[in-house]
>>> print(open('start04.tsv').read())   # TSV, C-alpha atoms
chain	number	residue	atom	x	y	z
H	61	GLU	CA	16.54	-3.67	98.92
H	62	PRO	CA	18.52	-0.99	100.78
H	63	GLU	CA	20.57	1.29	98.60
H	64	VAL	CA	22.92	4.23	98.79
H	65	THR	CA	21.31	7.49	97.70
H	66	GLN	CA	22.96	10.71	96.59
H	67	THR	CA	21.73	14.25	96.08
H	68	PRO	CA	21.68	16.23	93.92
H	69	SER	CA	21.98	14.13	90.78
H	70	HIS	CA	23.53	17.08	88.94
H	71	GLN	CA	25.13	20.20	90.37
H	72	VAL	CA	26.36	23.13	88.32
H	73	THR	CA	28.55	25.68	90.06
H	74	GLN	CA	30.89	28.50	89.22
H	75	MET	CA	34.63	28.26	89.76
H	76	GLY	CA	35.57	29.32	93.28
H	77	GLN	CA	32.23	28.45	94.81
H	78	GLU	CA	31.73	25.93	97.59
H	79	VAL	CA	29.67	22.82	96.95
H	80	ILE	CA	28.35	20.13	99.25
H	81	LEU	CA	27.51	16.73	97.86
H	82	ARG	CA	25.23	14.60	99.98
H	83	CYS	CA	24.97	10.87	100.47
H	84	VAL	CA	22.81	8.60	102.57
H	85	PRO	CA	24.65	5.31	103.01
H	86	ILE	CA	22.90	2.02	103.70
H	87	SER	CA	21.64	2.33	107.26
H	88	ASN	CA	23.62	-0.34	109.11
H	89	HIS	CA	26.86	0.14	107.20
H	90	LEU	CA	29.91	1.34	109.11
H	91	TYR	CA	32.41	2.36	106.42
H	92	PHE	CA	31.89	5.20	103.98
H	93	TYR	CA	33.75	6.31	100.88
H	94	TRP	CA	33.90	8.95	98.19
H	95	TYR	CA	35.20	8.29	94.69
H	96	ARG	CA	35.24	10.40	91.59
H	97	GLN	CA	35.16	9.62	87.89
H	98	ILE	CA	36.26	12.29	85.46
H	99	LEU	CA	34.37	11.84	82.19
H	100	GLY	CA	35.76	8.91	80.24
H	101	GLN	CA	38.36	8.05	82.87
H	102	LYS	CA	38.69	5.53	85.63
H	103	VAL	CA	37.02	5.66	89.02
H	104	GLU	CA	39.44	7.13	91.58
H	105	PHE	CA	39.40	6.79	95.34
H	106	LEU	CA	39.16	10.02	97.32
H	107	VAL	CA	38.59	9.21	100.97
H	108	SER	CA	37.36	6.60	103.42
H	109	PHE	CA	35.60	7.32	106.71
H	110	TYR	CA	35.00	5.17	109.74
H	111	ASN	CA	34.02	5.84	113.32
H	112	ASN	CA	33.59	9.55	112.60
H	113	GLU	CA	37.03	10.12	111.23
H	114	ILE	CA	38.96	9.83	108.01
H	115	SER	CA	40.75	6.49	107.83
H	116	GLU	CA	42.50	6.98	104.51
H	117	LYS	CA	42.69	9.60	101.78
H	118	SER	CA	44.29	9.87	98.37
H	119	GLU	CA	46.54	12.56	96.95
H	120	ILE	CA	43.50	14.03	95.21
H	121	PHE	CA	41.87	14.75	98.56
H	122	ASP	CA	43.70	17.96	99.37
H	123	ASP	CA	42.80	20.80	101.73
H	124	GLN	CA	39.98	21.91	99.46
H	125	PHE	CA	38.05	18.75	100.31
H	126	SER	CA	36.40	17.74	103.56
H	127	VAL	CA	33.95	15.09	104.66
H	128	GLU	CA	31.47	14.99	107.46
H	129	ARG	CA	28.83	12.77	108.94
H	130	PRO	CA	26.68	15.47	110.55
H	131	ASP	CA	24.01	13.09	111.83
H	132	GLY	CA	23.27	9.39	111.90
H	133	SER	CA	22.35	9.14	108.25
H	134	ASN	CA	24.05	11.70	106.00
H	135	PHE	CA	27.61	11.64	104.73
H	136	THR	CA	28.78	14.76	102.92
H	137	LEU	CA	31.66	15.80	100.70
H	138	LYS	CA	32.48	19.51	100.66
H	139	ILE	CA	34.67	21.19	98.08
H	140	ARG	CA	35.61	24.61	99.45
H	141	SER	CA	36.61	26.45	96.30
H	142	THR	CA	35.81	24.53	93.16
H	143	LYS	CA	38.12	24.40	90.17
H	144	LEU	CA	37.33	23.50	86.58
H	145	GLU	CA	39.17	20.22	87.03
H	146	ASP	CA	36.81	19.21	89.84
H	147	SER	CA	34.16	18.57	87.19
H	148	ALA	CA	33.42	14.86	87.49
H	149	MET	CA	30.93	12.28	88.66
H	150	TYR	CA	31.24	11.79	92.41
H	151	PHE	CA	30.21	8.45	93.86
H	152	CYS	CA	29.51	7.67	97.48
H	153	ALA	CA	29.87	4.09	98.68
H	154	SER	CA	29.33	2.20	101.91
H	155	ARG	CA	30.47	-1.08	103.33
H	156	LEU	CA	28.88	-3.13	106.06
H	157	THR	CA	31.61	-4.32	108.40
H	158	GLU	CA	35.33	-4.89	108.67
H	159	THR	CA	35.00	-8.41	107.27
H	160	THR	CA	32.71	-7.71	104.31
H	161	TYR	CA	34.77	-6.24	101.52
H	162	GLU	CA	32.20	-5.34	98.88
H	163	GLN	CA	31.21	-1.71	98.64
H	164	TYR	CA	27.79	-0.52	97.51
H	165	PHE	CA	27.74	2.57	95.37
H	166	GLY	CA	25.23	5.34	94.99
H	167	PRO	CA	24.06	6.60	91.58
H	168	GLY	CA	26.49	9.51	91.68
H	169	THR	CA	26.35	13.29	91.53
H	170	ARG	CA	27.55	14.93	88.35
H	171	LEU	CA	29.40	18.11	89.27
H	172	THR	CA	29.96	20.65	86.52
H	173	VAL	CA	32.22	23.61	87.32
H	174	THR	CA	31.99	26.51	84.88
D	188	GLY	CA	51.09	0.20	94.82
D	189	ASN	CA	48.06	-1.84	93.83
D	190	SER	CA	46.84	-1.61	90.27
D	191	VAL	CA	44.33	-3.17	87.89
D	192	THR	CA	44.66	-3.55	84.15
D	193	GLN	CA	41.78	-4.34	81.83
D	194	MET	CA	41.51	-4.90	78.13
D	195	GLU	CA	40.76	-1.68	76.35
D	196	GLY	CA	37.41	-1.35	74.69
D	197	PRO	CA	35.12	-0.82	73.17
D	198	VAL	CA	34.06	-4.41	72.67
D	199	THR	CA	31.26	-4.98	70.19
D	200	LEU	CA	29.52	-8.34	70.01
D	201	SER	CA	26.43	-9.80	68.45
D	202	GLU	CA	23.68	-11.12	70.68
D	203	GLU	CA	24.37	-14.65	71.97
D	204	ALA	CA	28.12	-14.33	71.41
D	205	PHE	CA	30.66	-15.42	74.02
D	206	LEU	CA	32.19	-12.64	76.11
D	207	THR	CA	35.60	-12.43	77.73
D	208	ILE	CA	36.93	-9.26	79.32
D	209	ASN	CA	40.46	-9.69	80.60
D	210	CYS	CA	41.55	-8.31	83.95
D	211	THR	CA	44.93	-8.62	85.64
D	212	TYR	CA	46.09	-7.09	88.86
D	213	THR	CA	49.13	-6.18	90.88
D	214	ALA	CA	48.75	-6.23	94.64
D	215	THR	CA	50.52	-7.09	97.84
D	216	GLY	CA	48.92	-9.47	100.28
D	217	TYR	CA	45.60	-11.11	99.54
D	218	PRO	CA	43.25	-8.74	97.77
D	219	SER	CA	39.58	-9.33	97.11
D	220	LEU	CA	38.50	-8.97	93.49
D	221	PHE	CA	35.31	-7.54	92.03
D	222	TRP	CA	33.53	-6.80	88.82
D	223	TYR	CA	31.25	-3.77	88.77
D	224	VAL	CA	28.93	-2.79	85.94
D	225	GLN	CA	27.83	0.72	84.99
D	226	TYR	CA	24.76	0.94	82.78
D	227	PRO	CA	24.26	4.16	80.79
D	228	GLY	CA	23.42	7.06	83.09
D	229	GLU	CA	23.62	4.96	86.23
D	230	GLY	CA	26.04	4.29	89.08
D	231	LEU	CA	28.25	1.31	89.76
D	232	GLN	CA	26.56	-1.98	90.55
D	233	LEU	CA	28.37	-4.92	92.07
D	234	LEU	CA	28.24	-7.76	89.55
D	235	LEU	CA	30.31	-10.43	91.28
D	236	LYS	CA	33.18	-10.93	93.68
D	237	ALA	CA	35.84	-13.39	94.82
D	238	THR	CA	37.71	-13.07	98.06
D	239	LYS	CA	40.40	-15.75	97.83
D	240	ALA	CA	42.38	-17.73	95.29
D	241	ASP	CA	40.40	-20.19	93.13
D	242	ASP	CA	37.06	-18.68	94.20
D	243	LYS	CA	34.60	-18.31	91.36
D	244	GLY	CA	32.18	-15.40	91.49
D	245	SER	CA	29.01	-15.64	89.44
D	246	ASN	CA	25.87	-13.61	88.85
D	247	LYS	CA	23.37	-13.12	86.00
D	248	GLY	CA	25.25	-15.60	83.81
D	249	PHE	CA	28.59	-13.84	84.30
D	250	GLU	CA	31.52	-15.66	85.89
D	251	ALA	CA	35.07	-14.85	86.96
D	252	THR	CA	37.67	-17.00	88.70
D	253	TYR	CA	40.34	-15.60	91.02
D	254	ARG	CA	43.63	-16.94	89.63
D	255	LYS	CA	46.47	-16.08	91.94
D	256	GLU	CA	49.11	-17.80	89.81
D	257	THR	CA	48.32	-15.56	86.83
D	258	THR	CA	47.05	-12.62	88.92
D	259	SER	CA	43.92	-12.56	86.80
D	260	PHE	CA	40.16	-12.26	87.20
D	261	HIS	CA	38.73	-12.48	83.69
D	262	LEU	CA	35.01	-11.90	83.21
D	263	GLU	CA	33.10	-14.35	81.00
D	264	LYS	CA	29.56	-14.89	79.82
D	265	GLY	CA	28.45	-17.64	77.51
D	266	SER	CA	25.73	-15.76	75.66
D	267	VAL	CA	25.44	-11.98	75.87
D	268	GLN	CA	22.23	-10.02	75.47
D	269	VAL	CA	21.58	-6.49	74.25
D	270	SER	CA	20.76	-5.57	77.85
D	271	ASP	CA	24.35	-6.41	78.87
D	272	SER	CA	25.58	-3.32	77.04
D	273	ALA	CA	27.41	-1.31	79.70
D	274	VAL	CA	30.84	-0.43	81.02
D	275	TYR	CA	32.48	-3.14	83.09
D	276	PHE	CA	35.04	-2.32	85.78
D	277	CYS	CA	37.42	-4.77	87.40
D	278	ALA	CA	38.44	-3.72	90.90
D	279	LEU	CA	40.38	-4.91	93.89
D	280	SER	CA	40.40	-4.08	97.55
D	281	ASP	CA	43.35	-4.68	99.76
D	282	ASN	CA	43.29	-7.30	102.45
D	283	TYR	CA	41.89	-4.79	104.90
D	284	GLY	CA	38.92	-4.12	102.64
D	285	GLN	CA	39.81	-0.50	102.31
D	286	ASN	CA	39.81	1.70	99.27
D	287	PHE	CA	39.11	0.10	95.95
D	288	VAL	CA	41.43	0.35	93.00
D	289	PHE	CA	39.54	0.25	89.71
D	290	GLY	CA	40.61	-0.68	86.24
D	291	PRO	CA	39.92	1.79	83.43
D	292	GLY	CA	36.67	0.08	82.43
D	293	THR	CA	35.70	-1.78	79.28
D	294	ARG	CA	32.71	-0.61	77.27
D	295	LEU	CA	30.63	-3.48	75.88
D	296	SER	CA	28.10	-2.98	73.12
D	297	VAL	CA	25.87	-5.90	72.18
D	298	LEU	CA	24.08	-5.64	68.85
D	299	PRO	CA	20.80	-7.42	68.11
>>> encode(input="start04.tsv", output="structure tokens")
Amino acid sequence: EPEVTQTPSHQVTQMGQEVILRCVPISNHLYFYWYRQILGQKVEFLVSFYNNEISEKSEIFDDQFSVERPDGSNFTLKIRSTKLEDSAMYFCASRLTETTYEQYFGPGTRLTVT
Amino acid sequence: GNSVTQMEGPVTLSEEAFLTINCTYTATGYPSLFWYVQYPGEGLQLLLKATKADDKGSNKGFEATYRKETTSFHLEKGSVQVSDSAVYFCALSDNYGQNFVFGPGTRLSVLP
């Protein structure tokens, strides 16, 4: 069964460094998302992406964040200058079409900023 | 804005007990409703969904009915197993299927 994959599973970085989290959505899906989950807290929406552009973003998704679909398969989240409070689990998700509302999530990348 | 409220956990049950996890929502329009499950150390897995009022979603013995009149989507299972131990998230998407809003999650522990 097709699934969303994410790499790396765990990333440790120092404050101020740039990180890139990678996702491979399900191949025929058209909509892509990033969410984050700070330890012990709820899952929060960051950004949605469709047709090679951002379609919606939350207040969390400030200028330090960017997303890209550099080729036909990868979908990346970049954090330009990490802060301690960026430590969280980051989930990528994809959705098939405009009329299918369920999203399929990857296993997540745990980001630890020291 | 849209929001989801779930009963706070943790919930601890004995094997074969009946499970209910309450979920209520606030939304404009006609949201779709979902339950996701997160097993220890893993990502979010879609458990079941309902896209319109009175729909019942079901999977792996779990059920939830979309009740528009009470804005609820309670998760139930008649007989839980130790393997059901996980965190359960209620979520909604707006009527355009865009970003999900998640509840805070309810941790379920099932004891043998």
>>> atom_distance(input="start04.tsv", atom1="CA of Glu61 (chain H)", atom2="CA of Pro167 (chain H)")
14.7 Å
>>> atom_distance(input="start04.tsv", atom1="CA of Ser272 (chain D)", atom2="CA of Arg294 (chain D)")
7.6 Å
>>> interface_residues(input="start04.tsv", of="chain H", to="chain D", cutoff="8 Å", atoms="all atoms listed in the file", output="number ranges by chain")
H: 93, 101-105, 107-108, 116, 151, 158-168
>>> atom_distance(input="start04.tsv", atom1="CA of Ser147 (chain H)", atom2="CA of Pro68 (chain H)")
14.4 Å
>>> residues_around(input="start04.tsv", residues="Lys243 (chain D)", least_positions_apart="3", cutoff="7 Å", atoms="all atoms listed in the file", output="VMD selection string")
chain D and resid 237 250 to 253
>>> decode(input="start04.tsv", residues="region 189-274 of chain D", atoms="C-alpha atoms", output="PDB file, in the first residue's frame")
ATOM      1  CA  ASN D 189     -12.893  25.881  13.675  1.00  0.00           C
ATOM      2  CA  SER D 190     -12.032  23.903  16.771  1.00  0.00           C
ATOM      3  CA  VAL D 191     -12.186  20.380  18.178  1.00  0.00           C
ATOM      4  CA  THR D 192     -12.583  19.392  21.798  1.00  0.00           C
ATOM      5  CA  GLN D 193     -11.883  15.922  23.137  1.00  0.00           C
ATOM      6  CA  MET D 194     -12.154  14.348  26.531  1.00  0.00           C
ATOM      7  CA  GLU D 195      -8.915  14.643  28.396  1.00  0.00           C
ATOM      8  CA  GLY D 196      -7.020  11.479  29.103  1.00  0.00           C
ATOM      9  CA  PRO D 197      -5.449   9.341  29.992  1.00  0.00           C
ATOM     10  CA  VAL D 198      -8.124   6.684  29.767  1.00  0.00           C
ATOM     11  CA  THR D 199      -7.260   3.336  31.313  1.00  0.00           C
ATOM     12  CA  LEU D 200      -9.427   0.300  30.621  1.00  0.00           C
ATOM     13  CA  SER D 201      -9.247  -3.420  31.098  1.00  0.00           C
ATOM     14  CA  GLU D 202      -9.187  -5.669  28.062  1.00  0.00           C
ATOM     15  CA  GLU D 203     -12.671  -6.303  26.619  1.00  0.00           C
ATOM     16  CA  ALA D 204     -14.117  -3.163  28.212  1.00  0.00           C
ATOM     17  CA  PHE D 205     -16.325  -0.749  26.279  1.00  0.00           C
ATOM     18  CA  LEU D 206     -14.632   2.410  25.024  1.00  0.00           C
ATOM     19  CA  THR D 207     -16.068   5.856  24.427  1.00  0.00           C
ATOM     20  CA  ILE D 208     -13.922   8.881  23.638  1.00  0.00           C
ATOM     21  CA  ASN D 209     -15.972  12.036  23.329  1.00  0.00           C
ATOM     22  CA  CYS D 210     -15.343  14.566  20.592  1.00  0.00           C
ATOM     23  CA  THR D 211     -17.236  17.769  19.863  1.00  0.00           C
ATOM     24  CA  TYR D 212     -16.496  20.385  17.281  1.00  0.00           C
ATOM     25  CA  THR D 213     -17.160  23.956  16.280  1.00  0.00           C
ATOM     26  CA  ALA D 214     -17.124  24.719  12.580  1.00  0.00           C
ATOM     27  CA  THR D 215     -18.785  26.767   9.911  1.00  0.00           C
ATOM     28  CA  GLY D 216     -20.218  25.070   6.872  1.00  0.00           C
ATOM     29  CA  TYR D 217     -20.107  21.316   6.480  1.00  0.00           C
ATOM     30  CA  PRO D 218     -16.868  19.883   7.809  1.00  0.00           C
ATOM     31  CA  SER D 219     -15.672  16.331   7.366  1.00  0.00           C
ATOM     32  CA  LEU D 220     -14.757  14.512  10.571  1.00  0.00           C
ATOM     33  CA  PHE D 221     -11.973  12.039  11.257  1.00  0.00           C
ATOM     34  CA  TRP D 222     -10.404   9.923  13.925  1.00  0.00           C
ATOM     35  CA  TYR D 223      -6.662   9.355  13.703  1.00  0.00           C
ATOM     36  CA  VAL D 224      -4.641   7.003  15.887  1.00  0.00           C
ATOM     37  CA  GLN D 225      -1.006   7.380  16.891  1.00  0.00           C
ATOM     38  CA  TYR D 226       0.674   4.248  18.195  1.00  0.00           C
ATOM     39  CA  PRO D 227       3.805   4.683  20.328  1.00  0.00           C
ATOM     40  CA  GLY D 228       6.702   5.965  18.244  1.00  0.00           C
ATOM     41  CA  GLU D 229       4.667   6.113  15.053  1.00  0.00           C
ATOM     42  CA  GLY D 230       2.887   8.690  12.911  1.00  0.00           C
ATOM     43  CA  LEU D 231      -0.803   9.407  12.522  1.00  0.00           C
ATOM     44  CA  GLN D 232      -2.947   6.736  10.933  1.00  0.00           C
ATOM     45  CA  LEU D 233      -6.430   7.376   9.633  1.00  0.00           C
ATOM     46  CA  LEU D 234      -8.818   5.246  11.670  1.00  0.00           C
ATOM     47  CA  LEU D 235     -12.184   6.299  10.275  1.00  0.00           C
ATOM     48  CA  LYS D 236     -14.024   9.203   8.715  1.00  0.00           C
ATOM     49  CA  ALA D 237     -17.470  10.666   8.066  1.00  0.00           C
ATOM     50  CA  THR D 238     -18.133  13.348   5.511  1.00  0.00           C
ATOM     51  CA  LYS D 239     -21.750  14.333   6.157  1.00  0.00           C
ATOM     52  CA  ALA D 240     -24.358  14.363   8.895  1.00  0.00           C
ATOM     53  CA  ASP D 241     -25.557  10.949  10.132  1.00  0.00           C
ATOM     54  CA  ASP D 242     -22.703   9.136   8.375  1.00  0.00           C
ATOM     55  CA  LYS D 243     -21.158   6.391  10.467  1.00  0.00           C
ATOM     56  CA  GLY D 244     -17.467   5.699  10.018  1.00  0.00           C
ATOM     57  CA  SER D 245     -16.147   2.310  11.080  1.00  0.00           C
ATOM     58  CA  ASN D 246     -12.880   0.409  11.021  1.00  0.00           C
ATOM     59  CA  LYS D 247     -11.205  -2.314  13.115  1.00  0.00           C
ATOM     60  CA  GLY D 248     -14.219  -2.498  15.440  1.00  0.00           C
ATOM     61  CA  PHE D 249     -14.230   1.255  16.076  1.00  0.00           C
ATOM     62  CA  GLU D 250     -17.245   3.375  15.148  1.00  0.00           C
ATOM     63  CA  ALA D 251     -18.204   7.043  15.187  1.00  0.00           C
ATOM     64  CA  THR D 252     -21.359   8.779  13.988  1.00  0.00           C
ATOM     65  CA  TYR D 253     -21.415  12.340  12.667  1.00  0.00           C
ATOM     66  CA  ARG D 254     -24.095  14.099  14.737  1.00  0.00           C
ATOM     67  CA  LYS D 255     -24.708  17.565  13.401  1.00  0.00           C
ATOM     68  CA  GLU D 256     -27.409  18.384  15.961  1.00  0.00           C
ATOM     69  CA  THR D 257     -24.985  17.849  18.847  1.00  0.00           C
ATOM     70  CA  THR D 258     -21.838  18.723  16.848  1.00  0.00           C
ATOM     71  CA  SER D 259     -20.279  15.488  18.021  1.00  0.00           C
ATOM     72  CA  PHE D 260     -18.276  12.570  16.651  1.00  0.00           C
ATOM     73  CA  HIS D 261     -17.720  10.235  19.584  1.00  0.00           C
ATOM     74  CA  LEU D 262     -15.465   7.215  19.096  1.00  0.00           C
ATOM     75  CA  GLU D 263     -16.686   3.854  20.404  1.00  0.00           C
ATOM     76  CA  LYS D 264     -15.491   0.279  20.500  1.00  0.00           C
ATOM     77  CA  GLY D 265     -17.357  -2.575  22.088  1.00  0.00           C
ATOM     78  CA  SER D 266     -14.377  -4.571  23.332  1.00  0.00           C
ATOM     79  CA  VAL D 267     -10.902  -3.050  23.491  1.00  0.00           C
ATOM     80  CA  GLN D 268      -7.661  -4.984  23.219  1.00  0.00           C
ATOM     81  CA  VAL D 269      -4.204  -4.302  24.622  1.00  0.00           C
ATOM     82  CA  SER D 270      -3.103  -3.517  21.058  1.00  0.00           C
ATOM     83  CA  ASP D 271      -5.540  -0.571  20.970  1.00  0.00           C
ATOM     84  CA  SER D 272      -3.331   1.320  23.413  1.00  0.00           C
ATOM     85  CA  ALA D 273      -2.471   4.548  21.601  1.00  0.00           C
ATOM     86  CA  VAL D 274      -3.317   8.232  21.377  1.00  0.00           C
TER      87      VAL D 274
END
